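Participant: Here you go, this is input_19.pdb (PDB, C-alpha atoms, pLDDT in the B column).
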```
ATOM      1  CA  MET A   1      30.966   1.178  27.992  1.00 32.00           C
ATOM      2  CA  SER A   2      31.489   3.528  25.128  1.00 39.00           C
ATOM      3  CA  SER A   3      28.349   4.867  23.434  1.00 47.00           C
ATOM      4  CA  GLU A   4      30.221   6.140  20.366  1.00 81.00           C
ATOM      5  CA  LEU A   5      29.666   4.094  17.229  1.00 94.00           C
ATOM      6  CA  ARG A   6      32.643   2.762  15.324  1.00 94.00           C
ATOM      7  CA  VAL A   7      32.609   3.029  11.533  1.00 94.00           C
ATOM      8  CA  VAL A   8      33.407  -0.497  10.337  1.00 94.00           C
ATOM      9  CA  SER A   9      32.801   0.137   6.652  1.00 91.00           C
ATOM     10  CA  SER A  10      31.096   2.925   4.763  1.00 91.00           C
ATOM     11  CA  ALA A  11      30.456   4.233   1.286  1.00 90.00           C
ATOM     12  CA  PHE A  12      29.922   7.691   2.767  1.00 90.00           C
ATOM     13  CA  GLN A  13      32.540   8.405   5.470  1.00 89.00           C
ATOM     14  CA  ARG A  14      36.023   7.458   6.692  1.00 90.00           C
ATOM     15  CA  GLU A  15      36.315   4.011   8.306  1.00 89.00           C
ATOM     16  CA  ASP A  16      37.824   3.534  11.759  1.00 91.00           C
ATOM     17  CA  LEU A  17      39.362   0.126  10.957  1.00 90.00           C
ATOM     18  CA  ASP A  18      42.055  -0.960   8.526  1.00 90.00           C
ATOM     19  CA  PRO A  19      40.777  -2.991   5.539  1.00 91.00           C
ATOM     20  CA  ASP A  20      41.787  -6.424   6.890  1.00 92.00           C
ATOM     21  CA  GLN A  21      40.216  -5.840  10.314  1.00 91.00           C
ATOM     22  CA  ALA A  22      37.102  -4.359   8.722  1.00 92.00           C
ATOM     23  CA  ALA A  23      36.716  -7.429   6.496  1.00 94.00           C
ATOM     24  CA  GLU A  24      36.883  -9.726   9.542  1.00 94.00           C
ATOM     25  CA  VAL A  25      34.284  -7.697  11.421  1.00 95.00           C
ATOM     26  CA  GLU A  26      31.993  -7.581   8.368  1.00 94.00           C
ATOM     27  CA  ARG A  27      32.086 -11.378   8.154  1.00 95.00           C
ATOM     28  CA  ALA A  28      31.274 -11.608  11.854  1.00 96.00           C
ATOM     29  CA  VAL A  29      28.355  -9.197  11.433  1.00 96.00           C
ATOM     30  CA  GLU A  30      27.018 -11.231   8.505  1.00 93.00           C
ATOM     31  CA  GLY A  31      27.018 -14.300  10.743  1.00 94.00           C
ATOM     32  CA  GLY A  32      25.376 -12.505  13.649  1.00 96.00           C
ATOM     33  CA  THR A  33      21.787 -12.510  14.934  1.00 97.00           C
ATOM     34  CA  GLU A  34      19.283 -10.008  13.547  1.00 97.00           C
ATOM     35  CA  LEU A  35      17.521  -8.090  16.340  1.00 97.00           C
ATOM     36  CA  ARG A  36      15.696  -5.237  14.596  1.00 97.00           C
ATOM     37  CA  THR A  37      14.985  -4.439  10.951  1.00 96.00           C
ATOM     38  CA  SER A  38      13.216  -2.013   8.633  1.00 96.00           C
ATOM     39  CA  ASN A  39      13.033  -2.346   4.860  1.00 94.00           C
ATOM     40  CA  ALA A  40      11.466  -0.737   1.806  1.00 91.00           C
ATOM     41  CA  ARG A  41      10.591  -2.502  -1.450  1.00 86.00           C
ATOM     42  CA  ASP A  42      10.056  -1.314  -4.998  1.00 79.00           C
ATOM     43  CA  SER A  43       6.965  -1.855  -7.140  1.00 71.00           C
ATOM     44  CA  TYR A  44       8.226  -5.345  -8.033  1.00 76.00           C
ATOM     45  CA  GLY A  45       8.553  -6.336  -4.383  1.00 77.00           C
ATOM     46  CA  GLN A  46      12.362  -6.216  -4.413  1.00 84.00           C
ATOM     47  CA  THR A  47      14.116  -4.718  -1.377  1.00 88.00           C
ATOM     48  CA  HIS A  48      15.823  -1.433  -2.246  1.00 89.00           C
ATOM     49  CA  ALA A  49      16.676  -0.215   1.271  1.00 93.00           C
ATOM     50  CA  GLU A  50      17.179  -1.942   4.624  1.00 96.00           C
ATOM     51  CA  ILE A  51      18.474  -1.010   8.079  1.00 97.00           C
ATOM     52  CA  THR A  52      19.169  -3.829  10.512  1.00 97.00           C
ATOM     53  CA  VAL A  53      20.472  -4.170  14.078  1.00 98.00           C
ATOM     54  CA  VAL A  54      22.687  -7.228  14.579  1.00 98.00           C
ATOM     55  CA  SER A  55      24.192  -8.865  17.654  1.00 98.00           C
ATOM     56  CA  TYR A  56      27.501 -10.529  16.842  1.00 97.00           C
ATOM     57  CA  THR A  57      30.714 -11.878  18.301  1.00 96.00           C
ATOM     58  CA  ASP A  58      33.742  -9.775  17.427  1.00 94.00           C
ATOM     59  CA  PRO A  59      36.869 -11.591  16.189  1.00 92.00           C
ATOM     60  CA  ASP A  60      38.449 -10.709  19.578  1.00 92.00           C
ATOM     61  CA  GLY A  61      35.671 -12.716  21.298  1.00 94.00           C
ATOM     62  CA  SER A  62      33.662  -9.817  22.713  1.00 94.00           C
ATOM     63  CA  GLU A  63      29.931  -9.314  22.179  1.00 96.00           C
ATOM     64  CA  ARG A  64      29.140  -6.291  20.063  1.00 96.00           C
ATOM     65  CA  PHE A  65      26.174  -4.781  18.243  1.00 97.00           C
ATOM     66  CA  ALA A  66      26.072  -3.379  14.735  1.00 97.00           C
ATOM     67  CA  VAL A  67      23.694  -1.419  12.577  1.00 97.00           C
ATOM     68  CA  ARG A  68      23.888  -2.340   8.899  1.00 96.00           C
ATOM     69  CA  ASP A  69      22.426   0.315   6.595  1.00 95.00           C
ATOM     70  CA  TRP A  70      22.017  -0.821   2.990  1.00 92.00           C
ATOM     71  CA  SER A  71      20.514   1.037   0.056  1.00 87.00           C
ATOM     72  CA  GLN A  72      21.130   1.339  -3.664  1.00 84.00           C
ATOM     73  CA  ALA A  73      23.361   4.319  -2.859  1.00 85.00           C
ATOM     74  CA  GLY A  74      25.733   2.166  -0.800  1.00 89.00           C
ATOM     75  CA  THR A  75      26.277   0.203   2.417  1.00 91.00           C
ATOM     76  CA  GLU A  76      27.399   1.306   5.846  1.00 95.00           C
ATOM     77  CA  ILE A  77      28.139  -0.757   8.959  1.00 96.00           C
ATOM     78  CA  LEU A  78      28.557   0.922  12.336  1.00 96.00           C
ATOM     79  CA  ASP A  79      29.038  -0.909  15.629  1.00 96.00           C
ATOM     80  CA  SER A  80      29.492  -0.539  19.378  1.00 95.00           C
ATOM     81  CA  ASP A  81      29.675  -2.595  22.566  1.00 94.00           C
ATOM     82  CA  ASP A  82      26.718  -0.471  23.757  1.00 95.00           C
ATOM     83  CA  LYS A  83      23.456  -1.954  22.473  1.00 96.00           C
ATOM     84  CA  SER A  84      21.404   1.093  23.494  1.00 96.00           C
ATOM     85  CA  ALA A  85      23.601   3.366  21.388  1.00 96.00           C
ATOM     86  CA  VAL A  86      23.189   1.155  18.319  1.00 97.00           C
ATOM     87  CA  VAL A  87      19.421   0.916  18.801  1.00 97.00           C
ATOM     88  CA  ALA A  88      19.144   4.696  19.252  1.00 96.00           C
ATOM     89  CA  TYR A  89      21.104   5.236  16.025  1.00 96.00           C
ATOM     90  CA  TYR A  90      18.937   2.687  14.204  1.00 97.00           C
ATOM     91  CA  GLU A  91      15.638   4.264  15.284  1.00 97.00           C
ATOM     92  CA  ALA A  92      16.840   7.773  14.445  1.00 95.00           C
ATOM     93  CA  ALA A  93      18.002   6.636  10.997  1.00 94.00           C
ATOM     94  CA  VAL A  94      14.670   4.909  10.308  1.00 95.00           C
ATOM     95  CA  ARG A  95      12.692   8.019  11.271  1.00 94.00           C
ATOM     96  CA  GLU A  96      14.932  10.319   9.246  1.00 92.00           C
ATOM     97  CA  ARG A  97      14.779   8.169   6.115  1.00 90.00           C
ATOM     98  CA  ALA A  98      10.995   7.836   6.418  1.00 89.00           C
ATOM     99  CA  GLN A  99      10.781  11.499   5.370  1.00 84.00           C
ATOM    100  CA  ASP A 100      11.681  10.306   1.851  1.00 82.00           C
ATOM    101  CA  GLY A 101       8.935   7.667   1.920  1.00 83.00           C
ATOM    102  CA  PRO A 102       7.583   5.115   4.392  1.00 89.00           C
ATOM    103  CA  TRP A 103       9.148   1.745   5.110  1.00 92.00           C
ATOM    104  CA  ASP A 104       7.248  -1.334   3.963  1.00 91.00           C
ATOM    105  CA  GLU A 105       8.261  -3.160   7.133  1.00 91.00           C
ATOM    106  CA  THR A 106       9.489  -1.537  10.334  1.00 93.00           C
ATOM    107  CA  ASP A 107       9.442  -2.144  14.071  1.00 94.00           C
ATOM    108  CA  VAL A 108      10.066   1.482  15.025  1.00 95.00           C
ATOM    109  CA  GLU A 109       7.120   2.829  16.987  1.00 91.00           C
ATOM    110  CA  GLY A 110       4.988   5.489  15.341  1.00 87.00           C
ATOM    111  CA  GLN A 111       6.132   4.746  11.784  1.00 89.00           C
ATOM    112  CA  ILE A 112       3.548   4.032   9.112  1.00 89.00           C
ATOM    113  CA  LYS A 113       4.265   1.183   6.723  1.00 90.00           C
ATOM    114  CA  GLY A 114       4.326   1.721   3.001  1.00 89.00           C
ATOM    115  CA  ARG A 115       2.779  -1.623   2.040  1.00 88.00           C
ATOM    116  CA  PHE A 116      -0.690  -2.503   3.251  1.00 92.00           C
ATOM    117  CA  SER A 117      -3.903  -4.369   2.422  1.00 94.00           C
ATOM    118  CA  TYR A 118      -7.269  -2.789   1.834  1.00 96.00           C
ATOM    119  CA  VAL A 119     -10.884  -3.830   1.319  1.00 96.00           C
ATOM    120  CA  VAL A 120     -13.491  -1.908  -0.683  1.00 97.00           C
ATOM    121  CA  GLU A 121     -17.056  -2.437   0.510  1.00 97.00           C
ATOM    122  CA  THR A 122     -20.481  -1.164  -0.545  1.00 97.00           C
ATOM    123  CA  SER A 123     -23.793  -1.068   1.282  1.00 97.00           C
ATOM    124  CA  ALA A 124     -27.406  -0.563   0.211  1.00 96.00           C
ATOM    125  CA  ASP A 125     -28.578   0.326   3.715  1.00 93.00           C
ATOM    126  CA  GLY A 126     -25.453   1.520   5.555  1.00 88.00           C
ATOM    127  CA  THR A 127     -25.423  -1.491   7.880  1.00 91.00           C
ATOM    128  CA  ALA A 128     -24.791  -4.632   5.792  1.00 95.00           C
ATOM    129  CA  TRP A 129     -21.636  -4.518   3.658  1.00 96.00           C
ATOM    130  CA  ASP A 130     -20.590  -6.409   0.541  1.00 95.00           C
ATOM    131  CA  SER A 131     -16.853  -6.534  -0.086  1.00 92.00           C
ATOM    132  CA  ALA A 132     -14.754  -6.982  -3.185  1.00 85.00           C
ATOM    133  CA  PRO A 133     -11.606  -9.166  -2.996  1.00 82.00           C
ATOM    134  CA  SER A 134      -8.915  -7.589  -0.815  1.00 85.00           C
ATOM    135  CA  GLY A 135      -6.147  -5.684  -2.570  1.00 90.00           C
ATOM    136  CA  GLU A 136      -2.630  -4.602  -1.652  1.00 90.00           C
ATOM    137  CA  THR A 137      -0.807  -1.421  -2.526  1.00 89.00           C
ATOM    138  CA  THR A 138       1.877   0.945  -1.272  1.00 86.00           C
ATOM    139  CA  MET A 139       1.938   4.518  -0.079  1.00 87.00           C
ATOM    140  CA  GLY A 140       4.301   5.250  -2.951  1.00 81.00           C
ATOM    141  CA  ALA A 141       1.548   4.392  -5.438  1.00 83.00           C
ATOM    142  CA  LEU A 142      -0.831   6.911  -3.865  1.00 85.00           C
ATOM    143  CA  ASN A 143       0.680  10.279  -4.790  1.00 77.00           C
ATOM    144  CA  GLY A 144       2.839  10.433  -1.693  1.00 68.00           C
ATOM    145  CA  THR A 145       0.111  10.494   0.950  1.00 80.00           C
ATOM    146  CA  LEU A 146       1.686   9.806   4.344  1.00 80.00           C
ATOM    147  CA  THR A 147      -1.313   8.873   6.483  1.00 90.00           C
ATOM    148  CA  TYR A 148      -3.480   5.780   6.412  1.00 94.00           C
ATOM    149  CA  ALA A 149      -6.593   7.965   6.522  1.00 95.00           C
ATOM    150  CA  GLY A 150      -5.388   9.831   3.445  1.00 94.00           C
ATOM    151  CA  ALA A 151      -4.635   6.552   1.697  1.00 94.00           C
ATOM    152  CA  ALA A 152      -8.129   5.219   2.436  1.00 96.00           C
ATOM    153  CA  ALA A 153      -9.720   8.365   0.999  1.00 96.00           C
ATOM    154  CA  GLU A 154      -7.535   8.198  -2.100  1.00 95.00           C
ATOM    155  CA  LEU A 155      -8.382   4.530  -2.671  1.00 96.00           C
ATOM    156  CA  ALA A 156     -12.079   5.350  -2.373  1.00 96.00           C
ATOM    157  CA  ASP A 157     -11.939   8.190  -4.895  1.00 95.00           C
ATOM    158  CA  PRO A 158     -11.802   6.168  -8.161  1.00 95.00           C
ATOM    159  CA  GLU A 159     -14.602   3.912  -6.900  1.00 96.00           C
ATOM    160  CA  ILE A 160     -17.119   6.745  -6.452  1.00 97.00           C
ATOM    161  CA  GLY A 161     -17.849   7.586 -10.101  1.00 97.00           C
ATOM    162  CA  PRO A 162     -18.686   3.998 -11.168  1.00 96.00           C
ATOM    163  CA  VAL A 163     -20.998   3.592  -8.175  1.00 97.00           C
ATOM    164  CA  GLU A 164     -22.779   6.853  -9.002  1.00 98.00           C
ATOM    165  CA  ASP A 165     -23.288   5.626 -12.582  1.00 97.00           C
ATOM    166  CA  ALA A 166     -24.597   2.281 -11.355  1.00 97.00           C
ATOM    167  CA  ASN A 167     -26.971   4.030  -8.911  1.00 98.00           C
ATOM    168  CA  TRP A 168     -28.346   6.152 -11.740  1.00 98.00           C
ATOM    169  CA  ASN A 169     -29.020   3.046 -13.832  1.00 97.00           C
ATOM    170  CA  VAL A 170     -30.827   1.281 -10.968  1.00 97.00           C
ATOM    171  CA  ALA A 171     -32.959   4.339 -10.153  1.00 97.00           C
ATOM    172  CA  CYS A 172     -33.920   4.942 -13.799  1.00 97.00           C
ATOM    173  CA  SER A 173     -34.737   1.266 -14.207  1.00 96.00           C
ATOM    174  CA  ALA A 174     -37.010   1.293 -11.173  1.00 95.00           C
ATOM    175  CA  LEU A 175     -38.824   4.440 -12.342  1.00 96.00           C
ATOM    176  CA  SER A 176     -39.201   3.422 -15.994  1.00 96.00           C
ATOM    177  CA  GLY A 177     -39.997  -0.238 -15.414  1.00 94.00           C
ATOM    178  CA  TYR A 178     -37.341  -1.301 -17.933  1.00 93.00           C
ATOM    179  CA  ARG A 179     -34.831  -3.677 -16.371  1.00 92.00           C
ATOM    180  CA  PRO A 180     -31.930  -4.923 -18.538  1.00 91.00           C
ATOM    181  CA  GLY A 181     -30.404  -8.243 -17.555  1.00 89.00           C
ATOM    182  CA  PHE A 182     -27.242  -6.667 -16.202  1.00 89.00           C
ATOM    183  CA  LEU A 183     -29.347  -4.947 -13.529  1.00 92.00           C
ATOM    184  CA  ASP A 184     -30.892  -8.163 -12.174  1.00 90.00           C
ATOM    185  CA  GLY A 185     -30.677  -8.000  -8.397  1.00 90.00           C
ATOM    186  CA  ALA A 186     -28.914  -4.605  -8.426  1.00 93.00           C
ATOM    187  CA  GLU A 187     -29.669  -2.096  -5.672  1.00 95.00           C
ATOM    188  CA  VAL A 188     -28.847   1.557  -5.138  1.00 97.00           C
ATOM    189  CA  VAL A 189     -25.654   1.818  -3.084  1.00 97.00           C
ATOM    190  CA  THR A 190     -25.944   4.270  -0.204  1.00 97.00           C
ATOM    191  CA  ALA A 191     -22.360   4.060   1.088  1.00 97.00           C
ATOM    192  CA  LEU A 192     -18.889   2.982   0.016  1.00 97.00           C
ATOM    193  CA  ARG A 193     -16.236   2.081   2.569  1.00 97.00           C
ATOM    194  CA  VAL A 194     -12.501   1.453   2.295  1.00 97.00           C
ATOM    195  CA  ARG A 195     -10.786  -0.283   5.201  1.00 97.00           C
ATOM    196  CA  ILE A 196      -6.995  -0.414   5.486  1.00 96.00           C
ATOM    197  CA  GLU A 197      -5.257  -3.225   7.327  1.00 93.00           C
ATOM    198  CA  VAL A 198      -1.608  -3.459   8.367  1.00 90.00           C
ATOM    199  CA  ASP A 199      -0.299  -6.774   9.693  1.00 84.00           C
ATOM    200  CA  GLY A 200      -3.903  -7.907  10.126  1.00 86.00           C
ATOM    201  CA  ASP A 201      -4.983  -4.887  12.184  1.00 90.00           C
ATOM    202  CA  GLN A 202      -7.388  -2.275  10.862  1.00 94.00           C
ATOM    203  CA  VAL A 203      -5.682   1.120  10.988  1.00 94.00           C
ATOM    204  CA  ALA A 204      -7.989   3.386   8.958  1.00 96.00           C
ATOM    205  CA  GLU A 205     -11.449   3.581   7.462  1.00 97.00           C
ATOM    206  CA  HIS A 206     -13.001   5.980   4.967  1.00 97.00           C
ATOM    207  CA  VAL A 207     -16.743   6.073   4.258  1.00 97.00           C
ATOM    208  CA  HIS A 208     -18.352   7.935   1.352  1.00 97.00           C
ATOM    209  CA  ASN A 209     -22.128   8.370   1.556  1.00 97.00           C
ATOM    210  CA  PHE A 210     -24.124   8.747  -1.677  1.00 97.00           C
ATOM    211  CA  PRO A 211     -27.042  11.196  -1.835  1.00 96.00           C
ATOM    212  CA  PRO A 212     -30.459   9.908  -2.931  1.00 96.00           C
ATOM    213  CA  VAL A 213     -30.792   9.344  -6.685  1.00 96.00           C
ATOM    214  CA  THR A 214     -33.895  11.096  -8.034  1.00 96.00           C
ATOM    215  CA  PRO A 215     -34.245  11.030 -11.839  1.00 97.00           C
ATOM    216  CA  THR A 216     -37.333  12.693 -13.278  1.00 97.00           C
ATOM    217  CA  PRO A 217     -39.899  10.564 -15.175  1.00 97.00           C
ATOM    218  CA  GLU A 218     -38.662  12.093 -18.427  1.00 97.00           C
ATOM    219  CA  GLN A 219     -35.030  11.225 -17.593  1.00 97.00           C
ATOM    220  CA  ALA A 220     -36.073   7.668 -16.759  1.00 97.00           C
ATOM    221  CA  ARG A 221     -37.993   7.328 -20.051  1.00 96.00           C
ATOM    222  CA  GLN A 222     -35.013   8.664 -22.006  1.00 97.00           C
ATOM    223  CA  TRP A 223     -32.698   6.282 -20.172  1.00 96.00           C
ATOM    224  CA  ALA A 224     -34.917   3.308 -21.043  1.00 96.00           C
ATOM    225  CA  GLN A 225     -35.077   4.434 -24.670  1.00 95.00           C
ATOM    226  CA  ASP A 226     -31.283   4.729 -24.846  1.00 94.00           C
ATOM    227  CA  MET A 227     -30.860   1.280 -23.264  1.00 93.00           C
ATOM    228  CA  ARG A 228     -33.217  -0.321 -25.786  1.00 92.00           C
ATOM    229  CA  ALA A 229     -31.470   1.441 -28.651  1.00 92.00           C
ATOM    230  CA  ALA A 230     -28.073   0.244 -27.453  1.00 87.00           C
ATOM    231  CA  LEU A 231     -29.350  -3.313 -27.141  1.00 85.00           C
ATOM    232  CA  GLU A 232     -30.870  -3.239 -30.641  1.00 84.00           C
ATOM    233  CA  HIS A 233     -27.621  -1.870 -32.048  1.00 79.00           C
ATOM    234  CA  SER A 234     -25.624  -4.665 -30.387  1.00 77.00           C
ATOM    235  CA  LEU A 235     -27.992  -7.332 -31.700  1.00 74.00           C
ATOM    236  CA  ALA A 236     -27.795  -5.864 -35.200  1.00 71.00           C
ATOM    237  CA  GLU A 237     -23.987  -5.913 -35.041  1.00 75.00           C
ATOM    238  CA  LEU A 238     -23.989  -9.549 -33.935  1.00 74.00           C
ATOM    239  CA  ASP A 239     -26.430 -10.434 -36.697  1.00 68.00           C
ATOM    240  CA  ARG A 240     -24.276  -8.689 -39.308  1.00 71.00           C
ATOM    241  CA  GLU A 241     -21.099 -10.427 -38.114  1.00 71.00           C
ATOM    242  CA  PHE A 242     -22.867 -13.795 -38.172  1.00 68.00           C
ATOM    243  CA  TYR A 243     -23.895 -13.407 -41.829  1.00 63.00           C
ATOM    244  CA  LEU A 244     -20.518 -12.014 -42.867  1.00 59.00           C
ATOM    245  CA  ASP A 245     -18.809 -15.088 -41.422  1.00 54.00           C
TER     246      ASP A 245
END
```
Before anything else, please render the file you have as C-alpha cells.
Facilitator:
Amino acid sequence: MSSELRVVSSAFQREDLDPDQAAEVERAVEGGTELRTSNARDSYGQTHAEITVVSYTDPDGSERFAVRDWSQAGTEILDSDDKSAVVAYYEAAVRERAQDGPWDETDVEGQIKGRFSYVVETSADGTAWDSAPSGETTMGALNGTLTYAGAAAELADPEIGPVEDANWNVACSALSGYRPGFLDGAEVVTALRVRIEVDGDQVAEHVHNFPPVTPTPEQARQWAQDMRAALEHSLAELDREFYLD
C-alpha cells in the first residue's frame, strides 16, 4: 500500500483531485468514522482549530483514511489507504502546531492540554487542607507557560498576598486581644497549595509555605487602634446616611 498522502482539498497547496472528485471524497469523509482528534478552543469555549483522523469508504468502494485539518486560516483534507501514514501525519501535525499553544483536547502522547481544572487549598498545620471551589482555566490565560508545574505556580502567585495580609491580621489580633467579627474562627495559614487536574487525574501540585508571622507588641497595638478607628468611621458613615435619608 502507498504511504504517500493524497491532497483531497486544501487552502494551502495544490490538490491531487479534480473538483468533482474532490467534492465526492469530501462528502464521504464527512460521513466517515472519527478515530483520533485534537482541538483548541478560544476564551469563549468555541473551537478555533481541530485535526481529526477519519476512516471512510471512498466513492470507489475502498476503505481509506483521512486527516482533516481545520483552523480559522483554512481547511485541508489529506488521505491514504495506509492508516499508519495518516496517523503519523496527524501526530506530527499536532506536535508541530502545539508549539504555537497547547491543544485543549488531544490524544497524542506527551502533549499537555491547554484547558484544565485546578483547586486552591490552604492549611493551618500543613496536614489538613481546606479547599475553595474548583476553577478552570487555560494555558493561554497564564502568560504562555507550557508546563503544568509552571501553571500551578502561576495560579498560586495571586493568592499569596491576600493570605499574607490575612495572617498578619490574625497574628495582630491574637497579640493585641482585639478580635473583630470578621476574624471569628480565623487561623494563621501555614501553607497554600494549588493542584491541577486534567481529565480527572492530578498532573501537578505547587505548595507555598508561609513563614511565621511575628508582629511586635507595638505593631499589634497600632493594628488594633487602626481597626477600631476604621470601625468607628464606618459606623459614623452609616449613622450620617441614616439621618440624611
Participant: Applying 8 Å and only C-alpha atoms, which residues near Val54 of chain A remain after dropping the ones on its own chain fewer than 2 positions away? List them as a list in words.
Facilitator: Val29, Gly32, Thr33, Glu34, Leu35, Arg36, Thr52, Tyr56, Phe65, Ala66, Val67 and Arg68 of chain A
Participant: So the first atom is atom CA of Val25 of chain A and the second is atom CA of Lys83 of chain A; what is the distance between them in Å, to one decimal place?
Facilitator: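 Computing the Euclidean distance for atom CA of Val25 of chain A and atom CA of Lys83 of chain A yields 16.5 Å.
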Participant: Can you tell me which residues surround Asp18 of chain A at a distance of at most 10 Å, considering all atoms listed in the file, apart from same-chain residues fewer than 3 positions away, and format the answer as a PDB file with C-alpha atoms, in the frame of the given file?
Facilitator:
```pdb
ATOM      1  CA  VAL A   8      33.407  -0.497  10.337  1.00 94.00           C
ATOM      2  CA  SER A   9      32.801   0.137   6.652  1.00 91.00           C
ATOM      3  CA  GLU A  15      36.315   4.011   8.306  1.00 89.00           C
ATOM      4  CA  GLN A  21      40.216  -5.840  10.314  1.00 91.00           C
ATOM      5  CA  ALA A  22      37.102  -4.359   8.722  1.00 92.00           C
ATOM      6  CA  ALA A  23      36.716  -7.429   6.496  1.00 94.00           C
TER       7      ALA A  23
END
```
Participant: Quick one: pull the distance between atom CA of Asp201 of chain A and atom CA of Ala141 of chain A, Å, one decimal.
Facilitator: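 Computed distance, atom CA of Asp201 of chain A to atom CA of Ala141 of chain A, equals 21.0 Å.
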Participant: Check what the PyMOL selection byres ((chain A and resi 100) around 12) selects in the file above and give those residues as a compact mmCIF listing (two decimals) with C-alpha atoms, keeping the file's coordinate frame.
Facilitator:
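Everything below was put into out.txt:
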```txt
# COMPACT_ATOMS: atom_id res chain seq x y z
CA ALA A 40 11.47 -0.74 1.81
CA ALA A 49 16.68 -0.22 1.27
CA ALA A 93 18.00 6.64 11.00
CA VAL A 94 14.67 4.91 10.31
CA ARG A 95 12.69 8.02 11.27
CA GLU A 96 14.93 10.32 9.25
CA ARG A 97 14.78 8.17 6.12
CA ALA A 98 11.00 7.84 6.42
CA GLN A 99 10.78 11.50 5.37
CA GLY A 101 8.94 7.67 1.92
CA PRO A 102 7.58 5.12 4.39
CA TRP A 103 9.15 1.74 5.11
CA GLY A 114 4.33 1.72 3.00
CA MET A 139 1.94 4.52 -0.08
CA GLY A 140 4.30 5.25 -2.95
CA GLY A 144 2.84 10.43 -1.69
CA THR A 145 0.11 10.49 0.95
CA LEU A 146 1.69 9.81 4.34
```
Participant: Counting all atoms listed in the file, which residue out of A:Glu232, A:Asp184, A:Asp199, A:Asp157 sits closest to Lys113 of chain A?
Facilitator: A:Asp199
Participant: One number please: atom CA of Thr127 of chain A to atom CA of Ala191 of chain A, in Å, one decimal.
Facilitator: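 One can read the atom CA of Thr127 of chain A to atom CA of Ala191 of chain A distance as 9.3 Å.
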Participant: Once the PyMOL selection byres ((chain A and resi 132) around 6) has been evaluated on this model, what residues remain selected, and can you format them as an MDAnalysis selection string?
Facilitator: chainID A and resid 120 131 133
Participant: Assuming the chain letters and numbering stay as they are in my file, what does the PyMOL selection byres ((chain A and resi 5) around 8) actually select? List them as an mmCIF file with C-alpha atoms, keeping the file's coordinate frame.
Facilitator:
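Final output, out.cif:
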```cif
data_model
loop_
_atom_site.group_PDB
_atom_site.id
_atom_site.type_symbol
_atom_site.label_atom_id
_atom_site.label_comp_id
_atom_site.auth_asym_id
_atom_site.auth_seq_id
_atom_site.Cartn_x
_atom_site.Cartn_y
_atom_site.Cartn_z
ATOM 1 C CA SER A 3 28.349 4.867 23.434
ATOM 2 C CA GLU A 4 30.221 6.140 20.366
ATOM 3 C CA ARG A 6 32.643 2.762 15.324
ATOM 4 C CA VAL A 7 32.609 3.029 11.533
ATOM 5 C CA LEU A 78 28.557 0.922 12.336
ATOM 6 C CA ASP A 79 29.038 -0.909 15.629
ATOM 7 C CA SER A 80 29.492 -0.539 19.378
ATOM 8 C CA ALA A 85 23.601 3.366 21.388
ATOM 9 C CA VAL A 86 23.189 1.155 18.319
#
```
Participant: So, with all atoms listed in the file as the atoms that count, which of A:Gly181, A:Trp129, A:Glu237, A:Asp69 lies closest to Thr37 of chain A?
Facilitator: A:Asp69
Participant: I'd like the neighbourhood of Arg195 of chain A as a PyMOL selection string, where a residue qualifies if any of its atoms comes within 8 Å (using all atoms listed in the file), though same-chain residues fewer than 6 positions away should be ignored.
Facilitator: chain A and resi 118-120+152+202-206
Participant: Find, counting all atoms listed in the file, the residue in A:Trp70, A:Trp223, A:Phe116, A:Tyr148 that gets nearest to Asn39 of chain A.
Facilitator: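 Ranked by minimum distance to Asn39 of chain A, first place goes to A:Trp70.
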Participant: Return the single residue from A:Ala149, A:Val198, A:Val207, A:Ala220 that is closest to Ala171 of chain A, with distances computed using all atoms listed in the file.
Facilitator: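 Ranking A:Ala149, A:Val198, A:Val207, A:Ala220 by distance to Ala171 of chain A, first place goes to A:Ala220.
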Participant: Need a file for segment 173-190 of chain A from that block: C-alpha atoms, written as a PDB file, in the first residue's frame.
Facilitator:
```
ATOM      1  CA  SER A 173      -5.452  40.106  66.779  1.00  0.00           C
ATOM      2  CA  ALA A 174      -4.051  37.294  68.902  1.00  0.00           C
ATOM      3  CA  LEU A 175      -1.289  39.509  70.325  1.00  0.00           C
ATOM      4  CA  SER A 176      -3.454  42.574  70.985  1.00  0.00           C
ATOM      5  CA  GLY A 177      -6.531  40.753  72.238  1.00  0.00           C
ATOM      6  CA  TYR A 178      -8.767  42.715  69.854  1.00  0.00           C
ATOM      7  CA  ARG A 179     -10.775  40.397  67.623  1.00  0.00           C
ATOM      8  CA  PRO A 180     -13.092  41.963  65.007  1.00  0.00           C
ATOM      9  CA  GLY A 181     -16.038  39.864  63.901  1.00  0.00           C
ATOM     10  CA  PHE A 182     -14.548  39.123  60.503  1.00  0.00           C
ATOM     11  CA  LEU A 183     -11.728  37.243  62.246  1.00  0.00           C
ATOM     12  CA  ASP A 184     -14.018  34.858  64.151  1.00  0.00           C
ATOM     13  CA  GLY A 185     -12.580  31.377  63.761  1.00  0.00           C
ATOM     14  CA  ALA A 186      -9.691  32.582  61.563  1.00  0.00           C
ATOM     15  CA  GLU A 187      -6.299  30.890  61.861  1.00  0.00           C
ATOM     16  CA  VAL A 188      -2.842  31.667  60.535  1.00  0.00           C
ATOM     17  CA  VAL A 189      -2.331  29.807  57.254  1.00  0.00           C
ATOM     18  CA  THR A 190       0.987  27.975  57.094  1.00  0.00           C
TER      19      THR A 190
END
```
